[in-house]
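S.K.: Contents of my_file-v9.pdb (PDB, C-alpha atoms) are below:
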```pdb
ATOM      1  CA  MET U 658     155.570 196.473  37.074
ATOM      2  CA  LYS U 659     158.527 197.377  39.303
ATOM      3  CA  ILE U 660     156.513 196.476  42.383
ATOM      4  CA  SER U 661     155.664 192.983  41.096
ATOM      5  CA  ILE U 662     159.322 192.295  40.161
ATOM      6  CA  PHE U 663     160.342 193.475  43.615
ATOM      7  CA  ASN U 664     157.712 191.192  45.196
ATOM      8  CA  PHE U 665     158.924 188.280  43.070
ATOM      9  CA  PHE U 666     162.548 188.721  44.193
ATOM     10  CA  LEU U 667     161.447 189.178  47.798
ATOM     11  CA  PHE U 668     159.428 185.977  47.581
ATOM     12  CA  LEU U 669     162.338 184.128  45.962
ATOM     13  CA  PHE U 670     164.731 185.422  48.638
ATOM     14  CA  LEU U 671     162.399 184.230  51.422
ATOM     15  CA  ILE U 672     162.000 180.767  49.890
ATOM     16  CA  ILE U 673     165.758 180.314  49.475
ATOM     17  CA  ASN U 674     166.345 181.603  52.996
ATOM     18  CA  LEU U 675     163.766 179.192  54.463
ATOM     19  CA  GLN U 676     165.323 176.265  52.641
ATOM     20  CA  VAL U 677     168.757 177.095  53.999
ATOM     21  CA  LYS U 678     167.415 177.244  57.563
ATOM     22  CA  ALA U 679     165.273 174.079  57.284
ATOM     23  CA  GLY U 680     166.489 171.386  59.655
ATOM     24  CA  THR U 681     166.632 167.642  59.455
ATOM     25  CA  ILE U 682     163.338 165.966  60.266
ATOM     26  CA  ALA U 683     162.621 162.401  61.348
ATOM     27  CA  THR U 684     159.450 160.576  62.267
ATOM     28  CA  ILE U 685     158.703 158.023  64.937
ATOM     29  CA  ASN U 686     155.834 155.605  65.576
ATOM     30  CA  ILE U 687     155.561 155.478  69.358
ATOM     31  CA  GLN U 688     152.775 152.880  69.445
ATOM     32  CA  LYS U 689     154.762 150.550  67.178
ATOM     33  CA  ILE U 690     157.790 150.946  69.442
ATOM     34  CA  ILE U 691     155.771 150.171  72.566
ATOM     35  CA  ASP U 692     154.049 147.197  70.911
ATOM     36  CA  GLN U 693     157.361 145.696  69.806
ATOM     37  CA  ASN U 694     159.186 146.133  73.108
ATOM     38  CA  ILE U 695     159.774 142.717  74.662
ATOM     39  CA  GLN U 696     160.037 143.963  78.231
ATOM     40  CA  PHE U 697     156.844 146.019  78.040
ATOM     41  CA  SER U 698     155.072 142.998  76.539
ATOM     42  CA  ASN U 699     156.207 141.009  79.574
ATOM     43  CA  PHE U 700     154.845 143.735  81.826
ATOM     44  CA  ILE U 701     151.525 143.628  79.937
ATOM     45  CA  SER U 702     151.345 139.866  80.569
ATOM     46  CA  PHE U 703     151.977 140.447  84.272
ATOM     47  CA  PHE U 704     149.405 143.238  84.276
ATOM     48  CA  SER U 705     146.811 141.019  82.564
ATOM     49  CA  GLU U 706     147.337 138.287  85.145
ATOM     50  CA  LYS U 707     146.836 140.800  87.968
ATOM     51  CA  LYS U 708     143.754 142.198  86.280
ATOM     52  CA  ASN U 709     142.253 138.717  85.784
ATOM     53  CA  LYS U 710     142.967 137.834  89.407
ATOM     54  CA  TYR U 711     141.172 140.963  90.594
ATOM     55  CA  GLU U 712     138.286 140.467  88.181
ATOM     56  CA  ASN U 713     137.782 136.926  89.516
ATOM     57  CA  LEU U 714     137.849 138.221  93.073
ATOM     58  CA  ILE U 715     135.253 140.856  92.172
ATOM     59  CA  ILE U 716     133.055 138.224  90.537
ATOM     60  CA  ASP U 717     133.222 136.107  93.704
ATOM     61  CA  LEU U 718     132.348 139.067  95.903
ATOM     62  CA  GLU U 719     129.518 140.056  93.581
ATOM     63  CA  THR U 720     128.125 136.508  93.611
ATOM     64  CA  ASN U 721     128.158 136.543  97.415
ATOM     65  CA  LEU U 722     126.291 139.847  97.405
ATOM     66  CA  ILE U 723     123.690 138.532  94.981
ATOM     67  CA  ASN U 724     123.136 135.486  97.190
ATOM     68  CA  GLU U 725     122.949 137.670 100.270
ATOM     69  CA  LYS U 726     120.341 139.889  98.585
ATOM     70  CA  LYS U 727     118.338 136.838  97.536
ATOM     71  CA  ASN U 728     118.387 135.512 101.117
ATOM     72  CA  LEU U 729     117.395 138.951 102.385
ATOM     73  CA  ASP U 730     114.434 139.070  99.998
ATOM     74  CA  GLU U 731     113.338 135.593 101.079
ATOM     75  CA  SER U 732     113.742 136.511 104.741
ATOM     76  CA  SER U 733     111.621 139.616 104.326
ATOM     77  CA  ILE U 734     108.600 137.373 103.780
ATOM     78  CA  ILE U 735     109.181 135.391 106.975
ATOM     79  CA  LEU U 736     110.820 137.826 109.421
ATOM     80  CA  ASN U 737     109.337 140.869 111.032
ATOM     81  CA  GLU U 738     110.807 144.310 110.529
ATOM     82  CA  LYS U 739     112.764 144.299 113.781
ATOM     83  CA  LYS U 740     114.613 141.072 112.947
ATOM     84  CA  LEU U 741     115.041 142.076 109.326
ATOM     85  CA  GLU U 742     116.671 145.448 110.027
ATOM     86  CA  PRO U 743     120.106 144.072 111.148
ATOM     87  CA  LEU U 744     120.206 141.860 108.046
ATOM     88  CA  ILE U 745     119.492 144.846 105.815
ATOM     89  CA  LYS U 746     122.203 146.887 107.540
ATOM     90  CA  GLU U 747     124.673 144.041 107.101
ATOM     91  CA  TYR U 748     123.802 143.753 103.412
ATOM     92  CA  TYR U 749     124.347 147.475 102.785
ATOM     93  CA  LYS U 750     127.586 147.376 104.741
ATOM     94  CA  ASN U 751     128.786 144.499 102.523
ATOM     95  CA  LEU U 752     127.600 146.327  99.417
ATOM     96  CA  SER U 753     129.541 149.423 100.463
ATOM     97  CA  ASN U 754     132.663 147.308 101.108
ATOM     98  CA  PHE U 755     132.259 145.708  97.689
ATOM     99  CA  GLU U 756     132.076 149.097  95.973
ATOM    100  CA  TYR U 757     135.124 150.274  97.911
ATOM    101  CA  LYS U 758     137.122 147.195  96.857
ATOM    102  CA  VAL U 759     136.133 147.636  93.215
ATOM    103  CA  ASP U 760     137.210 151.299  93.292
ATOM    104  CA  GLU U 761     140.443 150.417  95.083
ATOM    105  CA  MET U 762     141.322 147.708  92.560
ATOM    106  CA  ASN U 763     140.521 149.967  89.617
ATOM    107  CA  LEU U 764     142.698 152.704  91.111
ATOM    108  CA  TYR U 765     145.551 150.268  91.673
ATOM    109  CA  LEU U 766     145.431 148.858  88.140
ATOM    110  CA  SER U 767     145.170 152.321  86.638
ATOM    111  CA  LYS U 768     148.132 153.647  88.632
ATOM    112  CA  LEU U 769     150.223 150.559  87.906
ATOM    113  CA  PHE U 770     149.646 150.871  84.173
ATOM    114  CA  ASP U 771     150.198 154.649  84.119
ATOM    115  CA  ILE U 772     153.489 154.442  86.032
ATOM    116  CA  ASN U 773     154.876 151.793  83.698
ATOM    117  CA  GLN U 774     153.638 153.540  80.582
ATOM    118  CA  LYS U 775     155.520 156.650  81.728
ATOM    119  CA  ILE U 776     158.640 154.517  82.199
ATOM    120  CA  ILE U 777     158.547 153.192  78.626
ATOM    121  CA  ILE U 778     157.750 156.636  77.172
ATOM    122  CA  SER U 779     160.629 158.131  79.129
ATOM    123  CA  GLU U 780     162.991 155.491  77.714
ATOM    124  CA  ILE U 781     161.733 156.193  74.186
ATOM    125  CA  ILE U 782     162.343 159.913  74.689
ATOM    126  CA  GLU U 783     165.856 159.276  76.008
ATOM    127  CA  ILE U 784     166.754 157.075  73.029
ATOM    128  CA  SER U 785     165.167 159.539  70.579
ATOM    129  CA  LYS U 786     167.237 162.379  72.028
ATOM    130  CA  SER U 787     170.376 160.308  71.645
ATOM    131  CA  VAL U 788     169.486 159.445  68.042
ATOM    132  CA  SER U 789     168.743 163.082  67.241
ATOM    133  CA  ILE U 790     172.166 164.126  68.525
ATOM    134  CA  LYS U 791     174.044 161.297  66.758
ATOM    135  CA  GLN U 792     172.255 161.789  63.433
ATOM    136  CA  ASN U 793     172.034 165.576  63.668
ATOM    137  CA  ILE U 794     168.209 165.558  63.588
ATOM    138  CA  ASP U 795     166.537 168.843  64.496
ATOM    139  CA  ILE U 796     162.932 167.644  64.809
ATOM    140  CA  ILE U 797     161.363 164.245  65.504
ATOM    141  CA  LEU U 798     157.628 164.051  64.870
ATOM    142  CA  ASP U 799     155.266 161.347  66.086
ATOM    143  CA  LYS U 800     153.372 159.624  63.273
ATOM    144  CA  ASP U 801     150.108 160.971  64.705
ATOM    145  CA  ASN U 802     151.325 164.568  64.336
ATOM    146  CA  TYR U 803     151.943 164.760  60.603
ATOM    147  CA  PHE U 804     149.890 164.103  57.519
ATOM    148  CA  ILE U 805     152.279 162.179  55.281
ATOM    149  CA  ALA U 806     155.998 161.465  55.224
ATOM    150  CA  ASN U 807     158.546 159.334  53.440
ATOM    151  CA  ASP U 808     159.339 156.058  55.260
ATOM    152  CA  THR U 809     163.062 156.760  54.893
ATOM    153  CA  ILE U 810     162.901 159.370  57.660
ATOM    154  CA  ASP U 811     161.207 156.979  60.143
ATOM    155  CA  ILE U 812     163.606 156.064  62.958
ATOM    156  CA  SER U 813     161.175 153.751  64.789
ATOM    157  CA  ASP U 814     163.013 150.530  63.952
ATOM    158  CA  PHE U 815     166.283 151.950  65.262
ATOM    159  CA  VAL U 816     164.565 153.036  68.503
ATOM    160  CA  ILE U 817     162.937 149.590  68.846
ATOM    161  CA  LYS U 818     166.333 147.909  68.529
ATOM    162  CA  GLU U 819     167.937 150.243  71.090
ATOM    163  CA  LEU U 820     164.989 149.921  73.480
ATOM    164  CA  ASN U 821     164.987 146.124  73.334
ATOM    165  CA  ASN U 822     168.712 146.162  74.210
ATOM    166  CA  LYS U 823     168.092 148.218  77.355
ATOM    167  CA  ASP U 824     167.353 146.701  80.738
ATOM    168  CA  ILE U 825     164.190 148.551  81.700
ATOM    169  CA  LYS U 826     162.966 148.234  85.273
ATOM    170  CA  PHE U 827     159.188 148.280  85.364
ATOM    171  CA  GLN U 828     157.359 148.688  88.640
ATOM    172  CA  LEU U 829     155.498 145.572  89.665
ATOM    173  CA  THR U 830     154.271 147.058  92.913
ATOM    174  CA  ASN U 831     151.696 145.510  95.196
ATOM    175  CA  LYS U 832     148.344 147.159  95.611
ATOM    176  CA  GLU U 833     149.075 148.191  99.199
ATOM    177  CA  ASP U 834     152.303 149.939  98.236
ATOM    178  CA  LEU U 835     150.789 151.797  95.314
ATOM    179  CA  ILE U 836     147.427 152.868  96.738
ATOM    180  CA  ASP U 837     149.008 154.473  99.805
ATOM    181  CA  LYS U 838     151.064 156.820  97.605
TER     182      LYS U 838
END
```
Before anything else, please render the file you have as structure tokens.
M.R.:
Amino acid sequence: MKISIFNFFLFLFLIINLQVKAGTIATINIQKIIDQNIQFSNFISFFSEKKNKYENLIIDLETNLINEKKNLDESSIILNEKKLEPLIKEYYKNLSNFEYKVDEMNLYLSKLFDINQKIIISEIIEISKSVSIKQNIDIILDKDNYFIANDTIDISDFVIKELNNKDIKFQLTNKEDLIDK
């Protein structure tokens, strides 16, 4: 009986001690913040225009390749192997160039998006740090990293307001400048 009373008081002591040391916790919805940032939305519009421009260019190049292949197939009926060989080489050279351009454009768009996503995340982190210091918050959890929480501890709207008041400089770099890096 003495052991169970001792265990009870030990347990009670630990619970009280943990509650005293518990810090202030806040939550944040990073995706909501990014979605509601005006400047990042403007970047996304710019990015979409670039992407559409490159997709149209790819479609044009692909159409040319399809036509070239069709002409090559038709020529194979008429021409002998010796005259056909340079046309085949030219087709495969163009096909290789097409694949290179597609890869290059995908790399450019991927890098452009990644760089600017890091910029917005970095701004969110900076503002969150500032909020945590001002409001004496010990831990800020992303909404994807907890099971359930009270909406009163969500600081997302405050971060959105602060972020929209900042002048964020996104990189709108040309393909040539970004691919060479």
S.K.: Specify as a list in words each residue included when the PyMOL selection byres ((chain U and resi 688-691) around 10) is applied to this file.
M.R.: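 Applied to this file, the PyMOL selection byres ((chain U and resi 688-691) around 10) selects Ile685, Asn686, Ile687, Asp692, Gln693, Asn694, Ile695, Gln696, Phe697, Ser698, Gln774, Ile777, Ile778, Ile781, Asp799, Lys800, Asp801, Ser813, Asp814, Phe815, Val816, Ile817, Lys818, Leu820 and Asn821 of chain U.
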S.K.: Which residue is closest to U:Ser785? Choose from U:Leu729, U:Tyr711, U:Thr830, U:Ile812 and count only C-alpha atoms.
M.R.: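 Of all the options, U:Ile812 lies closest to U:Ser785.
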S.K.: Apply the PyMOL selection byres ((chain U and resi 798) around 8) to the file shown and report the selected residues as a PyMOL selection string.
M.R.: chain U and resi 682-685+796-797+799-800+802-803
S.K.: May I ask for the distance between atom CA of U:Leu766 and atom CA of U:Phe704, given in Å to one decimal place?
M.R.: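 That distance, rounded to one decimal, is 7.9 Å.
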S.K.: Distance atom CA of U:Ile701-atom CA of U:Lys758, one decimal place?
M.R.: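 So the answer is 22.5 Å.
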S.K.: Name the residues that the PyMOL selection byres ((chain U and resi 759) around 12) picks from the file above, as a compact mmCIF listing (two decimals) with C-alpha atoms, keeping the file's coordinate frame, using the file's chain letters and numbers.
M.R.:
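As written to disk, result_33.txt reads:
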```
# COMPACT_ATOMS: atom_id res chain seq x y z
CA LYS U 708 143.75 142.20 86.28
CA TYR U 711 141.17 140.96 90.59
CA GLU U 712 138.29 140.47 88.18
CA ASN U 713 137.78 136.93 89.52
CA LEU U 714 137.85 138.22 93.07
CA ILE U 715 135.25 140.86 92.17
CA ILE U 716 133.06 138.22 90.54
CA ASP U 717 133.22 136.11 93.70
CA LEU U 718 132.35 139.07 95.90
CA GLU U 719 129.52 140.06 93.58
CA LEU U 752 127.60 146.33 99.42
CA SER U 753 129.54 149.42 100.46
CA ASN U 754 132.66 147.31 101.11
CA PHE U 755 132.26 145.71 97.69
CA GLU U 756 132.08 149.10 95.97
CA TYR U 757 135.12 150.27 97.91
CA LYS U 758 137.12 147.20 96.86
CA ASP U 760 137.21 151.30 93.29
CA GLU U 761 140.44 150.42 95.08
CA MET U 762 141.32 147.71 92.56
CA ASN U 763 140.52 149.97 89.62
CA LEU U 764 142.70 152.70 91.11
CA TYR U 765 145.55 150.27 91.67
CA LEU U 766 145.43 148.86 88.14
```
S.K.: Could you tell me how far atom CA of U:Lys710 sits from atom CA of U:Phe770, in Å to one decimal place?
M.R.: 15.6 Å
S.K.: Please give the centre and size of the box around stretch 686-705 of chain U (axis-aligned, containing every atom listed in the file, 3 Å added per side), with values in Å to one decimal and written as AutoDock Vina command-line options.
M.R.:
```
--center_x 153.4 --center_y 147.7 --center_z 74.9 --size_x 19.2 --size_y 21.7 --size_z 24.7
```
S.K.: What would stretch 759-791 of chain U look like with N, CA and C atoms in place, written as a JSON list (two decimals), keeping the file's coordinate frame?
M.R.:
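What ended up in result_6.json:
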```
[["chain", "number", "residue", "atom", "x", "y", "z"],
["U", 759, "VAL", "N", 136.11, 147.47, 94.67],
["U", 759, "VAL", "CA", 136.13, 147.64, 93.22],
["U", 759, "VAL", "C", 136.87, 148.93, 92.86],
["U", 760, "ASP", "N", 136.54, 150.02, 93.55],
["U", 760, "ASP", "CA", 137.21, 151.30, 93.29],
["U", 760, "ASP", "C", 138.71, 151.21, 93.60],
["U", 761, "GLU", "N", 139.04, 150.56, 94.69],
["U", 761, "GLU", "CA", 140.44, 150.42, 95.08],
["U", 761, "GLU", "C", 141.23, 149.61, 94.05],
["U", 762, "MET", "N", 140.64, 148.53, 93.56],
["U", 762, "MET", "CA", 141.32, 147.71, 92.56],
["U", 762, "MET", "C", 141.46, 148.45, 91.23],
["U", 763, "ASN", "N", 140.43, 149.17, 90.85],
["U", 763, "ASN", "CA", 140.52, 149.97, 89.62],
["U", 763, "ASN", "C", 141.60, 151.04, 89.73],
["U", 764, "LEU", "N", 141.67, 151.68, 90.88],
["U", 764, "LEU", "CA", 142.70, 152.70, 91.11],
["U", 764, "LEU", "C", 144.09, 152.08, 91.05],
["U", 765, "TYR", "N", 144.26, 150.95, 91.69],
["U", 765, "TYR", "CA", 145.55, 150.27, 91.67],
["U", 765, "TYR", "C", 145.98, 149.91, 90.25],
["U", 766, "LEU", "N", 145.09, 149.28, 89.51],
["U", 766, "LEU", "CA", 145.43, 148.86, 88.14],
["U", 766, "LEU", "C", 145.72, 150.06, 87.25],
["U", 767, "SER", "N", 144.96, 151.10, 87.42],
["U", 767, "SER", "CA", 145.17, 152.32, 86.64],
["U", 767, "SER", "C", 146.53, 152.95, 86.95],
["U", 768, "LYS", "N", 146.84, 153.07, 88.24],
["U", 768, "LYS", "CA", 148.13, 153.65, 88.63],
["U", 768, "LYS", "C", 149.30, 152.78, 88.16],
["U", 769, "LEU", "N", 149.16, 151.47, 88.31],
["U", 769, "LEU", "CA", 150.22, 150.56, 87.91],
["U", 769, "LEU", "C", 150.51, 150.69, 86.41],
["U", 770, "PHE", "N", 149.45, 150.73, 85.61],
["U", 770, "PHE", "CA", 149.65, 150.87, 84.17],
["U", 770, "PHE", "C", 150.23, 152.23, 83.82],
["U", 771, "ASP", "N", 149.71, 153.29, 84.42],
["U", 771, "ASP", "CA", 150.20, 154.65, 84.12],
["U", 771, "ASP", "C", 151.68, 154.82, 84.46],
["U", 772, "ILE", "N", 152.08, 154.33, 85.61],
["U", 772, "ILE", "CA", 153.49, 154.44, 86.03],
["U", 772, "ILE", "C", 154.40, 153.75, 85.02],
["U", 773, "ASN", "N", 154.02, 152.56, 84.61],
["U", 773, "ASN", "CA", 154.88, 151.79, 83.70],
["U", 773, "ASN", "C", 154.82, 152.32, 82.27],
["U", 774, "GLN", "N", 153.71, 152.90, 81.89],
["U", 774, "GLN", "CA", 153.64, 153.54, 80.58],
["U", 774, "GLN", "C", 154.56, 154.76, 80.55],
["U", 775, "LYS", "N", 154.61, 155.50, 81.65],
["U", 775, "LYS", "CA", 155.52, 156.65, 81.73],
["U", 775, "LYS", "C", 156.98, 156.19, 81.66],
["U", 776, "ILE", "N", 157.27, 155.05, 82.24],
["U", 776, "ILE", "CA", 158.64, 154.52, 82.20],
["U", 776, "ILE", "C", 159.05, 154.22, 80.76],
["U", 777, "ILE", "N", 158.20, 153.54, 80.01],
["U", 777, "ILE", "CA", 158.55, 153.19, 78.63],
["U", 777, "ILE", "C", 158.62, 154.44, 77.75],
["U", 778, "ILE", "N", 157.72, 155.38, 77.95],
["U", 778, "ILE", "CA", 157.75, 156.64, 77.17],
["U", 778, "ILE", "C", 159.04, 157.41, 77.48],
["U", 779, "SER", "N", 159.40, 157.44, 78.73],
["U", 779, "SER", "CA", 160.63, 158.13, 79.13],
["U", 779, "SER", "C", 161.85, 157.50, 78.47],
["U", 780, "GLU", "N", 161.89, 156.19, 78.39],
["U", 780, "GLU", "CA", 162.99, 155.49, 77.71],
["U", 780, "GLU", "C", 163.01, 155.82, 76.22],
["U", 781, "ILE", "N", 161.83, 155.86, 75.61],
["U", 781, "ILE", "CA", 161.73, 156.19, 74.19],
["U", 781, "ILE", "C", 162.24, 157.61, 73.94],
["U", 782, "ILE", "N", 161.88, 158.52, 74.81],
["U", 782, "ILE", "CA", 162.34, 159.91, 74.69],
["U", 782, "ILE", "C", 163.86, 159.98, 74.81],
["U", 783, "GLU", "N", 164.39, 159.27, 75.80],
["U", 783, "GLU", "CA", 165.86, 159.28, 76.01],
["U", 783, "GLU", "C", 166.59, 158.75, 74.77],
["U", 784, "ILE", "N", 166.12, 157.65, 74.22],
["U", 784, "ILE", "CA", 166.75, 157.07, 73.03],
["U", 784, "ILE", "C", 166.59, 158.02, 71.84],
["U", 785, "SER", "N", 165.41, 158.61, 71.69],
["U", 785, "SER", "CA", 165.17, 159.54, 70.58],
["U", 785, "SER", "C", 166.09, 160.75, 70.65],
["U", 786, "LYS", "N", 166.30, 161.26, 71.86],
["U", 786, "LYS", "CA", 167.24, 162.38, 72.03],
["U", 786, "LYS", "C", 168.64, 161.98, 71.59],
["U", 787, "SER", "N", 169.05, 160.81, 72.01],
["U", 787, "SER", "CA", 170.38, 160.31, 71.64],
["U", 787, "SER", "C", 170.51, 160.16, 70.13],
["U", 788, "VAL", "N", 169.48, 159.61, 69.50],
["U", 788, "VAL", "CA", 169.49, 159.44, 68.04],
["U", 788, "VAL", "C", 169.53, 160.80, 67.36],
["U", 789, "SER", "N", 168.77, 161.75, 67.87],
["U", 789, "SER", "CA", 168.74, 163.08, 67.24],
["U", 789, "SER", "C", 170.10, 163.76, 67.31],
["U", 790, "ILE", "N", 170.83, 163.55, 68.39],
["U", 790, "ILE", "CA", 172.17, 164.13, 68.53],
["U", 790, "ILE", "C", 173.15, 163.42, 67.58],
["U", 791, "LYS", "N", 173.12, 162.07, 67.59],
["U", 791, "LYS", "CA", 174.04, 161.30, 66.76],
["U", 791, "LYS", "C", 173.83, 161.54, 65.26]]
```
